[in-house]
$ cat work35.cif   # mmCIF, C-alpha atoms
data_model
loop_
_atom_site.group_PDB
_atom_site.id
_atom_site.type_symbol
_atom_site.label_atom_id
_atom_site.label_comp_id
_atom_site.auth_asym_id
_atom_site.auth_seq_id
_atom_site.Cartn_x
_atom_site.Cartn_y
_atom_site.Cartn_z
ATOM 1 C CA MET V 1192 200.519 293.764 226.083
ATOM 2 C CA ARG V 1193 198.147 296.119 224.288
ATOM 3 C CA LEU V 1194 195.712 295.143 221.545
ATOM 4 C CA ALA V 1195 198.130 296.027 218.747
ATOM 5 C CA GLU V 1196 200.827 293.755 220.182
ATOM 6 C CA LEU V 1197 198.322 290.942 220.727
ATOM 7 C CA SER V 1198 197.356 291.283 217.080
ATOM 8 C CA ALA V 1199 200.974 291.285 215.921
ATOM 9 C CA ARG V 1200 201.947 288.244 218.009
ATOM 10 C CA SER V 1201 198.872 286.214 217.085
ATOM 11 C CA GLY V 1202 198.571 287.223 213.438
ATOM 12 C CA VAL V 1203 194.893 288.055 213.995
ATOM 13 C CA PRO V 1204 193.694 291.510 212.870
ATOM 14 C CA THR V 1205 192.586 293.877 215.618
ATOM 15 C CA ALA V 1206 189.081 294.072 214.145
ATOM 16 C CA THR V 1207 188.767 290.287 214.405
ATOM 17 C CA ILE V 1208 190.037 290.319 217.990
ATOM 18 C CA LYS V 1209 187.422 292.932 218.878
ATOM 19 C CA TYR V 1210 184.764 290.717 217.288
ATOM 20 C CA TYR V 1211 185.925 287.729 219.350
ATOM 21 C CA LEU V 1212 185.774 289.897 222.469
ATOM 22 C CA ARG V 1213 182.217 290.990 221.686
ATOM 23 C CA GLU V 1214 181.170 287.382 221.059
ATOM 24 C CA GLY V 1215 182.648 286.216 224.353
ATOM 25 C CA LEU V 1216 185.219 283.958 222.678
ATOM 26 C CA LEU V 1217 188.072 285.877 224.274
ATOM 27 C CA PRO V 1218 188.073 287.071 227.894
ATOM 28 C CA ALA V 1219 188.197 290.797 228.444
ATOM 29 C CA GLY V 1220 191.586 292.327 229.077
ATOM 30 C CA ARG V 1221 192.633 294.073 232.273
ATOM 31 C CA ARG V 1222 191.370 297.636 232.081
ATOM 32 C CA VAL V 1223 194.235 300.157 232.311
ATOM 33 C CA SER V 1224 192.306 303.241 231.246
ATOM 34 C CA ALA V 1225 188.867 304.245 230.072
ATOM 35 C CA THR V 1226 189.704 303.253 226.501
ATOM 36 C CA GLN V 1227 192.517 300.703 226.781
ATOM 37 C CA ALA V 1228 193.025 297.204 228.172
ATOM 38 C CA ALA V 1229 196.068 295.007 228.722
ATOM 39 C CA TYR V 1230 196.333 291.394 227.569
ATOM 40 C CA ASP V 1231 198.680 288.551 228.478
ATOM 41 C CA ASP V 1232 199.803 285.107 227.325
ATOM 42 C CA VAL V 1233 196.480 283.586 228.415
ATOM 43 C CA HIS V 1234 194.722 285.784 225.861
ATOM 44 C CA LEU V 1235 197.325 284.923 223.237
ATOM 45 C CA ARG V 1236 196.879 281.182 223.808
ATOM 46 C CA ARG V 1237 193.085 281.430 223.748
ATOM 47 C CA LEU V 1238 193.193 283.557 220.612
ATOM 48 C CA ARG V 1239 195.296 280.954 218.810
ATOM 49 C CA LEU V 1240 192.836 278.260 219.866
ATOM 50 C CA VAL V 1241 189.843 280.245 218.611
ATOM 51 C CA ARG V 1242 191.653 280.938 215.362
ATOM 52 C CA ALA V 1243 192.410 277.223 214.914
ATOM 53 C CA MET V 1244 188.771 276.287 215.407
ATOM 54 C CA ILE V 1245 187.248 279.007 213.229
ATOM 55 C CA GLN V 1246 189.793 279.466 210.450
ATOM 56 C CA VAL V 1247 191.176 275.932 210.157
ATOM 57 C CA GLY V 1248 188.417 273.750 211.566
ATOM 58 C CA ARG V 1249 185.590 275.890 210.116
ATOM 59 C CA VAL V 1250 183.784 275.571 213.432
ATOM 60 C CA PRO V 1251 180.777 277.929 213.734
ATOM 61 C CA VAL V 1252 181.071 280.696 216.314
ATOM 62 C CA ALA V 1253 178.174 279.297 218.360
ATOM 63 C CA THR V 1254 179.919 275.919 218.552
ATOM 64 C CA VAL V 1255 183.217 277.554 219.486
ATOM 65 C CA ARG V 1256 181.390 279.188 222.377
ATOM 66 C CA GLU V 1257 180.146 275.756 223.542
ATOM 67 C CA VAL V 1258 183.631 274.272 223.305
ATOM 68 C CA LEU V 1259 185.143 277.111 225.314
ATOM 69 C CA ALA V 1260 182.427 276.759 227.955
ATOM 70 C CA ALA V 1261 183.564 273.158 228.448
ATOM 71 C CA VAL V 1262 187.204 274.252 228.546
ATOM 72 C CA ASP V 1263 186.437 276.729 231.326
ATOM 73 C CA ASP V 1264 184.111 274.469 233.347
ATOM 74 C CA ASP V 1265 186.049 273.921 236.570
ATOM 75 C CA SER V 1266 183.258 271.736 237.975
ATOM 76 C CA LEU V 1267 184.360 268.858 235.697
ATOM 77 C CA ASP V 1268 187.340 266.624 236.345
ATOM 78 C CA HIS V 1269 190.213 266.637 233.871
ATOM 79 C CA HIS V 1270 188.963 263.683 231.824
ATOM 80 C CA MET V 1271 185.431 265.066 231.567
ATOM 81 C CA ARG V 1272 186.670 268.521 230.564
ATOM 82 C CA LEU V 1273 188.742 266.979 227.791
ATOM 83 C CA GLY V 1274 185.809 264.870 226.644
ATOM 84 C CA ALA V 1275 183.204 267.635 226.836
ATOM 85 C CA ALA V 1276 185.391 270.029 224.873
ATOM 86 C CA VAL V 1277 186.170 267.535 222.103
ATOM 87 C CA TRP V 1278 182.578 266.250 221.965
ATOM 88 C CA ALA V 1279 181.375 269.794 221.312
ATOM 89 C CA LEU V 1280 183.412 269.954 218.102
ATOM 90 C CA PRO V 1281 181.526 269.226 214.853
ATOM 91 C CA HIS V 1282 181.474 265.664 213.551
ATOM 92 C CA GLU V 1283 181.308 265.397 209.783
ATOM 93 C CA LEU V 1284 178.594 262.778 209.305
ATOM 94 C CA GLY V 1285 176.245 263.878 212.063
ATOM 95 C CA GLY V 1286 173.669 261.445 213.368
ATOM 96 C CA THR V 1287 172.416 258.090 212.168
ATOM 97 C CA ASP V 1288 169.080 259.151 210.633
ATOM 98 C CA VAL V 1289 170.101 258.054 207.164
ATOM 99 C CA THR V 1290 166.749 256.888 205.848
ATOM 100 C CA ALA V 1291 163.274 256.388 207.204
ATOM 101 C CA ASP V 1292 162.371 253.120 205.432
ATOM 102 C CA ASP V 1293 162.406 249.709 207.105
ATOM 103 C CA ASP V 1294 165.539 248.552 205.311
ATOM 104 C CA GLY V 1295 167.371 251.640 206.532
ATOM 105 C CA ALA V 1296 166.263 250.980 210.107
ATOM 106 C CA GLU V 1297 167.524 247.404 209.888
ATOM 107 C CA VAL V 1298 170.875 248.536 208.510
ATOM 108 C CA THR V 1299 171.188 251.125 211.266
ATOM 109 C CA GLU V 1300 170.471 248.565 213.983
ATOM 110 C CA ALA V 1301 173.014 246.210 212.432
ATOM 111 C CA ALA V 1302 175.575 249.026 212.364
ATOM 112 C CA ARG V 1303 174.948 249.828 216.031
ATOM 113 C CA GLY V 1304 175.395 246.174 216.915
ATOM 114 C CA ALA V 1305 178.632 246.044 214.949
ATOM 115 C CA VAL V 1306 179.997 249.149 216.674
ATOM 116 C CA ASP V 1307 179.104 247.741 220.109
ATOM 117 C CA ALA V 1308 180.781 244.437 219.250
ATOM 118 C CA LEU V 1309 183.847 246.270 217.969
ATOM 119 C CA LEU V 1310 184.145 248.320 221.161
ATOM 120 C CA ASP V 1311 183.868 245.122 223.207
ATOM 121 C CA ARG V 1312 186.590 243.461 221.156
ATOM 122 C CA LEU V 1313 188.842 246.498 221.503
ATOM 123 C CA ASP V 1314 188.109 246.574 225.258
ATOM 124 C CA TRP V 1315 187.106 250.241 225.253
ATOM 125 C CA PRO V 1316 184.822 250.412 228.320
ATOM 126 C CA PHE V 1317 184.411 254.190 228.364
ATOM 127 C CA ALA V 1318 183.340 254.323 224.713
ATOM 128 C CA ARG V 1319 180.983 251.404 225.326
ATOM 129 C CA LEU V 1320 179.476 253.130 228.365
ATOM 130 C CA ALA V 1321 179.036 256.444 226.549
ATOM 131 C CA GLY V 1322 177.417 254.726 223.579
ATOM 132 C CA ALA V 1323 175.084 256.892 221.526
ATOM 133 C CA ASP V 1324 175.714 259.874 223.820
ATOM 134 C CA SER V 1325 179.085 260.172 222.090
ATOM 135 C CA PRO V 1326 179.091 262.114 218.802
ATOM 136 C CA ALA V 1327 181.946 259.911 217.573
ATOM 137 C CA TYR V 1328 179.871 256.780 218.239
ATOM 138 C CA ARG V 1329 176.944 258.192 216.261
ATOM 139 C CA THR V 1330 179.256 259.253 213.446
ATOM 140 C CA LEU V 1331 180.790 255.785 213.248
ATOM 141 C CA VAL V 1332 177.354 254.166 213.104
ATOM 142 C CA GLY V 1333 176.320 256.588 210.365
ATOM 143 C CA ALA V 1334 179.476 255.831 208.378
ATOM 144 C CA LEU V 1335 178.840 252.082 208.522
ATOM 145 C CA VAL V 1336 175.237 252.613 207.421
ATOM 146 C CA ARG V 1337 176.401 254.589 204.402
ATOM 147 C CA LEU V 1338 178.975 251.961 203.500
ATOM 148 C CA ALA V 1339 176.359 249.213 203.618
ATOM 149 C CA GLN V 1340 173.775 251.182 201.653
ATOM 150 C CA LEU V 1341 176.301 251.949 198.922
ATOM 151 C CA GLY V 1342 177.340 248.324 198.564
ATOM 152 C CA TYR V 1343 180.557 248.301 200.584
ATOM 153 C CA PRO V 1344 179.890 245.818 203.396
ATOM 154 C CA TRP V 1345 181.996 245.691 206.534
ATOM 155 C CA ASP V 1346 182.632 243.209 209.312
ATOM 156 C CA ILE V 1347 184.290 243.277 212.716
ATOM 157 C CA ASP V 1348 187.473 241.612 211.484
ATOM 158 C CA HIS V 1349 187.880 244.350 208.882
ATOM 159 C CA LEU V 1350 187.234 247.159 211.370
ATOM 160 C CA THR V 1351 189.437 245.857 214.190
ATOM 161 C CA PRO V 1352 192.810 246.880 212.652
ATOM 162 C CA TYR V 1353 191.493 250.424 212.272
ATOM 163 C CA GLY V 1354 190.563 250.418 215.948
ATOM 164 C CA ARG V 1355 194.027 249.214 216.940
ATOM 165 C CA LEU V 1356 195.625 251.958 214.864
ATOM 166 C CA ALA V 1357 193.314 254.484 216.524
ATOM 167 C CA GLU V 1358 194.542 253.299 219.936
ATOM 168 C CA ARG V 1359 198.115 254.061 218.931
ATOM 169 C CA LEU V 1360 197.083 257.470 217.624
ATOM 170 C CA ALA V 1361 195.295 258.195 220.901
ATOM 171 C CA VAL V 1362 198.464 257.418 222.850
ATOM 172 C CA ALA V 1363 200.423 259.822 220.642
ATOM 173 C CA ASP V 1364 197.712 262.481 221.009
ATOM 174 C CA LEU V 1365 197.581 262.278 224.797
ATOM 175 C CA ASP V 1366 201.371 262.148 225.086
ATOM 176 C CA MET V 1367 201.454 265.413 223.160
ATOM 177 C CA VAL V 1368 198.673 266.956 225.246
ATOM 178 C CA GLN V 1369 200.350 265.993 228.518
ATOM 179 C CA GLY V 1370 203.471 267.780 227.354
ATOM 180 C CA TYR V 1371 201.682 271.066 227.926
ATOM 181 C CA GLY V 1372 201.603 272.729 231.325
ATOM 182 C CA PRO V 1373 198.587 273.132 233.609
ATOM 183 C CA ALA V 1374 195.257 271.392 233.073
ATOM 184 C CA ASP V 1375 193.730 274.411 231.304
ATOM 185 C CA GLU V 1376 196.496 274.388 228.718
ATOM 186 C CA GLN V 1377 196.135 270.640 228.241
ATOM 187 C CA VAL V 1378 192.418 270.951 227.508
ATOM 188 C CA GLU V 1379 193.077 273.721 225.004
ATOM 189 C CA ALA V 1380 195.854 271.649 223.435
ATOM 190 C CA ALA V 1381 193.515 268.654 223.103
ATOM 191 C CA ILE V 1382 191.106 270.753 221.052
ATOM 192 C CA ALA V 1383 193.869 272.198 218.894
ATOM 193 C CA VAL V 1384 195.354 268.744 218.289
ATOM 194 C CA THR V 1385 191.935 267.384 217.308
ATOM 195 C CA VAL V 1386 191.241 270.221 214.867
ATOM 196 C CA LEU V 1387 194.713 270.687 213.418
ATOM 197 C CA TYR V 1388 195.890 267.083 213.238
ATOM 198 C CA GLU V 1389 192.863 265.560 211.503
ATOM 199 C CA PRO V 1390 194.004 266.979 208.119
ATOM 200 C CA VAL V 1391 197.496 265.670 208.923
ATOM 201 C CA LEU V 1392 196.144 262.169 209.561
ATOM 202 C CA LEU V 1393 194.006 262.206 206.417
ATOM 203 C CA SER V 1394 196.955 263.355 204.304
ATOM 204 C CA LEU V 1395 199.295 260.746 205.770
ATOM 205 C CA ARG V 1396 196.748 258.006 205.146
ATOM 206 C CA ARG V 1397 196.386 258.980 201.504
ATOM 207 C CA LEU V 1398 200.136 259.209 201.045
ATOM 208 C CA ALA V 1399 200.536 255.787 202.649
ATOM 209 C CA ASP V 1400 197.804 254.334 200.414
ATOM 210 C CA GLY V 1401 199.641 255.650 197.377
ATOM 211 C CA GLU V 1402 202.900 254.182 198.632
ATOM 212 C CA GLU V 1403 201.350 250.773 199.260
ATOM 213 C CA SER V 1404 199.668 250.837 195.852
ATOM 214 C CA TYR V 1405 203.026 251.580 194.262
ATOM 215 C CA ARG V 1406 204.662 248.668 196.110
ATOM 216 C CA ARG V 1407 201.934 246.248 195.083
ATOM 217 C CA PHE V 1408 201.036 247.328 191.584
ATOM 218 C CA GLY V 1409 203.413 249.905 190.175
ATOM 219 C CA GLU V 1410 206.966 249.242 191.324
ATOM 220 C CA GLN V 1411 207.734 246.777 188.540
ATOM 221 C CA GLU V 1412 206.217 248.960 185.835
ATOM 222 C CA HIS V 1413 207.691 252.389 186.441
ATOM 223 C CA ALA V 1414 209.635 254.412 188.964
ATOM 224 C CA PRO V 1415 208.681 257.839 190.318
ATOM 225 C CA GLY V 1416 209.830 260.549 187.942
ATOM 226 C CA ASP V 1417 209.763 258.383 184.801
ATOM 227 C CA ASP V 1418 207.296 260.745 183.196
ATOM 228 C CA ALA V 1419 208.992 263.926 184.399
ATOM 229 C CA PRO V 1420 209.969 266.341 181.607
ATOM 230 C CA GLU V 1421 213.622 266.368 180.631
ATOM 231 C CA ALA V 1422 215.683 269.400 181.576
ATOM 232 C CA ASP V 1423 216.675 271.750 178.758
ATOM 233 C CA GLY V 1424 220.229 271.602 177.505
#

$ encode --input "work35.cif" --output "structure tokens"
Amino acid sequence: MRLAELSARSGVPTATIKYYLREGLLPAGRRVSATQAAYDDVHLRRLRLVRAMIQVGRVPVATVREVLAAVDDDSLDHHMRLGAAVWALPHELGGTDVTADDDGAEVTEAARGAVDALLDRLDWPFARLAGADSPAYRTLVGALVRLAQLGYPWDIDHLTPYGRLAERLAVADLDMVQGYGPADEQVEAAIAVTVLYEPVLLSLRRLADGEESYRRFGEQEHAPGDDAPEADG
């Protein structure tokens, strides 16, 4: 397909596609003349992935380039390619350097110990082995530090159900990823699922919280729609 068709099928303007080509986010097309190139479904799939990361995930171009380098690294086995690509994605809370005072250091060490104990209880050996090398590990530690500093303490018993739910989500994620074809497509799908499904998970959690709140506190007082305006006539 030519550039115009690639643009039409992907929904990405030609100027944006040319920018992605210049930035190395999209492989060059097959040259068919001095001024034209041909593209195929590989370009279309990669373009959709780049669009998901930049437009939906708000991932910086430099980070997208790092993610794609991991996707295309044939020297890694399948598991490591998946991990390297997802690890390169931004993590909201960043590292654990929350405060420089002694109390902050103590809270951070306690949070690290809690995360390690949680991973042991969940029997997650890979996460335990990766430890602080994992961006998700560092983000989790940082989140627990913030909770403690703001007066919302946590303990392992409270965190364990969240870990068990995450296990079930991981099974669903990887089942979806394995439904795609070759390994390259599976790695790309893993990134897209991570970026595109996190808003889905957040929305479902908030909807579920509202539903549970209604069951516990509101069901006896009012039903949905009680305050809706009456229709005219």

$ closest_residue --input "work35.cif" --among "V:Val1252, V:Leu1356, V:Met1192, V:Val1368" --to "Leu1235 of chain V" --atoms "only C-alpha atoms"
V:Met1192

$ atom_distance --input "work35.cif" --atom1 "atom CA of Leu1238 of chain V" --atom2 "atom CA of Ala1374 of chain V"
17.5 Å

$ resolve_selection --input "work35.cif" --expression "the PyMOL selection byres ((chain V and resi 1254) around 12)" --output "ChimeraX atom specification"
/V:1214,1216,1241,1244-1245,1248-1253,1255-1261,1276-1282

$ atom_distance --input "work35.cif" --atom1 "atom CA of Val1247 of chain V" --atom2 "atom CA of Ala1229 of chain V"
27.1 Å

$ resolve_selection --input "work35.cif" --expression "the PyMOL selection byres ((chain V and resi 1196-1211) around 9)" --output "mmCIF file with C-alpha atoms, keeping the file's coordinate frame"
data_model
loop_
_atom_site.group_PDB
_atom_site.id
_atom_site.type_symbol
_atom_site.label_atom_id
_atom_site.label_comp_id
_atom_site.auth_asym_id
_atom_site.auth_seq_id
_atom_site.Cartn_x
_atom_site.Cartn_y
_atom_site.Cartn_z
ATOM 1 C CA MET V 1192 200.519 293.764 226.083
ATOM 2 C CA ARG V 1193 198.147 296.119 224.288
ATOM 3 C CA LEU V 1194 195.712 295.143 221.545
ATOM 4 C CA ALA V 1195 198.130 296.027 218.747
ATOM 5 C CA LEU V 1212 185.774 289.897 222.469
ATOM 6 C CA ARG V 1213 182.217 290.990 221.686
ATOM 7 C CA GLU V 1214 181.170 287.382 221.059
ATOM 8 C CA GLY V 1215 182.648 286.216 224.353
ATOM 9 C CA LEU V 1216 185.219 283.958 222.678
ATOM 10 C CA LEU V 1217 188.072 285.877 224.274
ATOM 11 C CA PRO V 1218 188.073 287.071 227.894
ATOM 12 C CA TYR V 1230 196.333 291.394 227.569
ATOM 13 C CA ASP V 1231 198.680 288.551 228.478
ATOM 14 C CA ASP V 1232 199.803 285.107 227.325
ATOM 15 C CA HIS V 1234 194.722 285.784 225.861
ATOM 16 C CA LEU V 1235 197.325 284.923 223.237
ATOM 17 C CA ARG V 1236 196.879 281.182 223.808
ATOM 18 C CA LEU V 1238 193.193 283.557 220.612
ATOM 19 C CA ARG V 1239 195.296 280.954 218.810
ATOM 20 C CA VAL V 1241 189.843 280.245 218.611
ATOM 21 C CA ARG V 1242 191.653 280.938 215.362
#

$ atom_distance --input "work35.cif" --atom1 "atom CA of Thr1299 of chain V" --atom2 "atom CA of Val1336 of chain V"
5.8 Å

$ closest_residue --input "work35.cif" --among "V:Asp1307, V:Pro1352, V:Arg1359, V:Ala1225" --to "Leu1320 of chain V" --atoms "all atoms listed in the file"
V:Asp1307

$ closest_residue --input "work35.cif" --among "V:Leu1309, V:Ala1321, V:Val1391, V:Leu1331" --to "Met1271 of chain V" --atoms "all atoms listed in the file"
V:Ala1321

$ residues_around --input "work35.cif" --residues "Arg1272 of chain V" --least-positions-apart "6" --cutoff "8 Å" --atoms "all atoms listed in the file" --output "JSON, numbers by chain"
{"V": [1261, 1262, 1264, 1378]}

$ build_atoms --input "work35.cif" --residues "segment 1339-1350 of chain V" --atoms "N, CA and C atoms" --output "CSV table (one decimal), in the frame of the given file"
chain,number,residue,atom,x,y,z
V,1339,ALA,N,177.2,250.3,203.9
V,1339,ALA,CA,176.4,249.2,203.6
V,1339,ALA,C,175.4,249.6,202.5
V,1340,GLN,N,174.8,250.8,202.6
V,1340,GLN,CA,173.8,251.2,201.7
V,1340,GLN,C,174.4,251.4,200.3
V,1341,LEU,N,175.7,251.7,200.2
V,1341,LEU,CA,176.3,251.9,198.9
V,1341,LEU,C,177.0,250.7,198.4
V,1342,GLY,N,176.8,249.6,199.1
V,1342,GLY,CA,177.3,248.3,198.6
V,1342,GLY,C,178.8,248.0,199.0
V,1343,TYR,N,179.2,248.6,200.1
V,1343,TYR,CA,180.6,248.3,200.6
V,1343,TYR,C,180.4,247.7,202.0
V,1344,PRO,N,180.1,246.4,202.1
V,1344,PRO,CA,179.9,245.8,203.4
V,1344,PRO,C,181.1,245.8,204.3
V,1345,TRP,N,180.9,245.7,205.6
V,1345,TRP,CA,182.0,245.7,206.5
V,1345,TRP,C,181.8,244.5,207.5
V,1346,ASP,N,182.8,244.2,208.2
V,1346,ASP,CA,182.6,243.2,209.3
V,1346,ASP,C,183.6,243.6,210.4
V,1347,ILE,N,183.5,242.9,211.6
V,1347,ILE,CA,184.3,243.3,212.7
V,1347,ILE,C,185.8,243.0,212.4
V,1348,ASP,N,186.1,241.9,211.8
V,1348,ASP,CA,187.5,241.6,211.5
V,1348,ASP,C,188.1,242.7,210.6
V,1349,HIS,N,187.3,243.3,209.7
V,1349,HIS,CA,187.9,244.4,208.9
V,1349,HIS,C,188.1,245.6,209.7
V,1350,LEU,N,187.2,245.9,210.6
V,1350,LEU,CA,187.2,247.2,211.4
V,1350,LEU,C,188.3,247.1,212.5
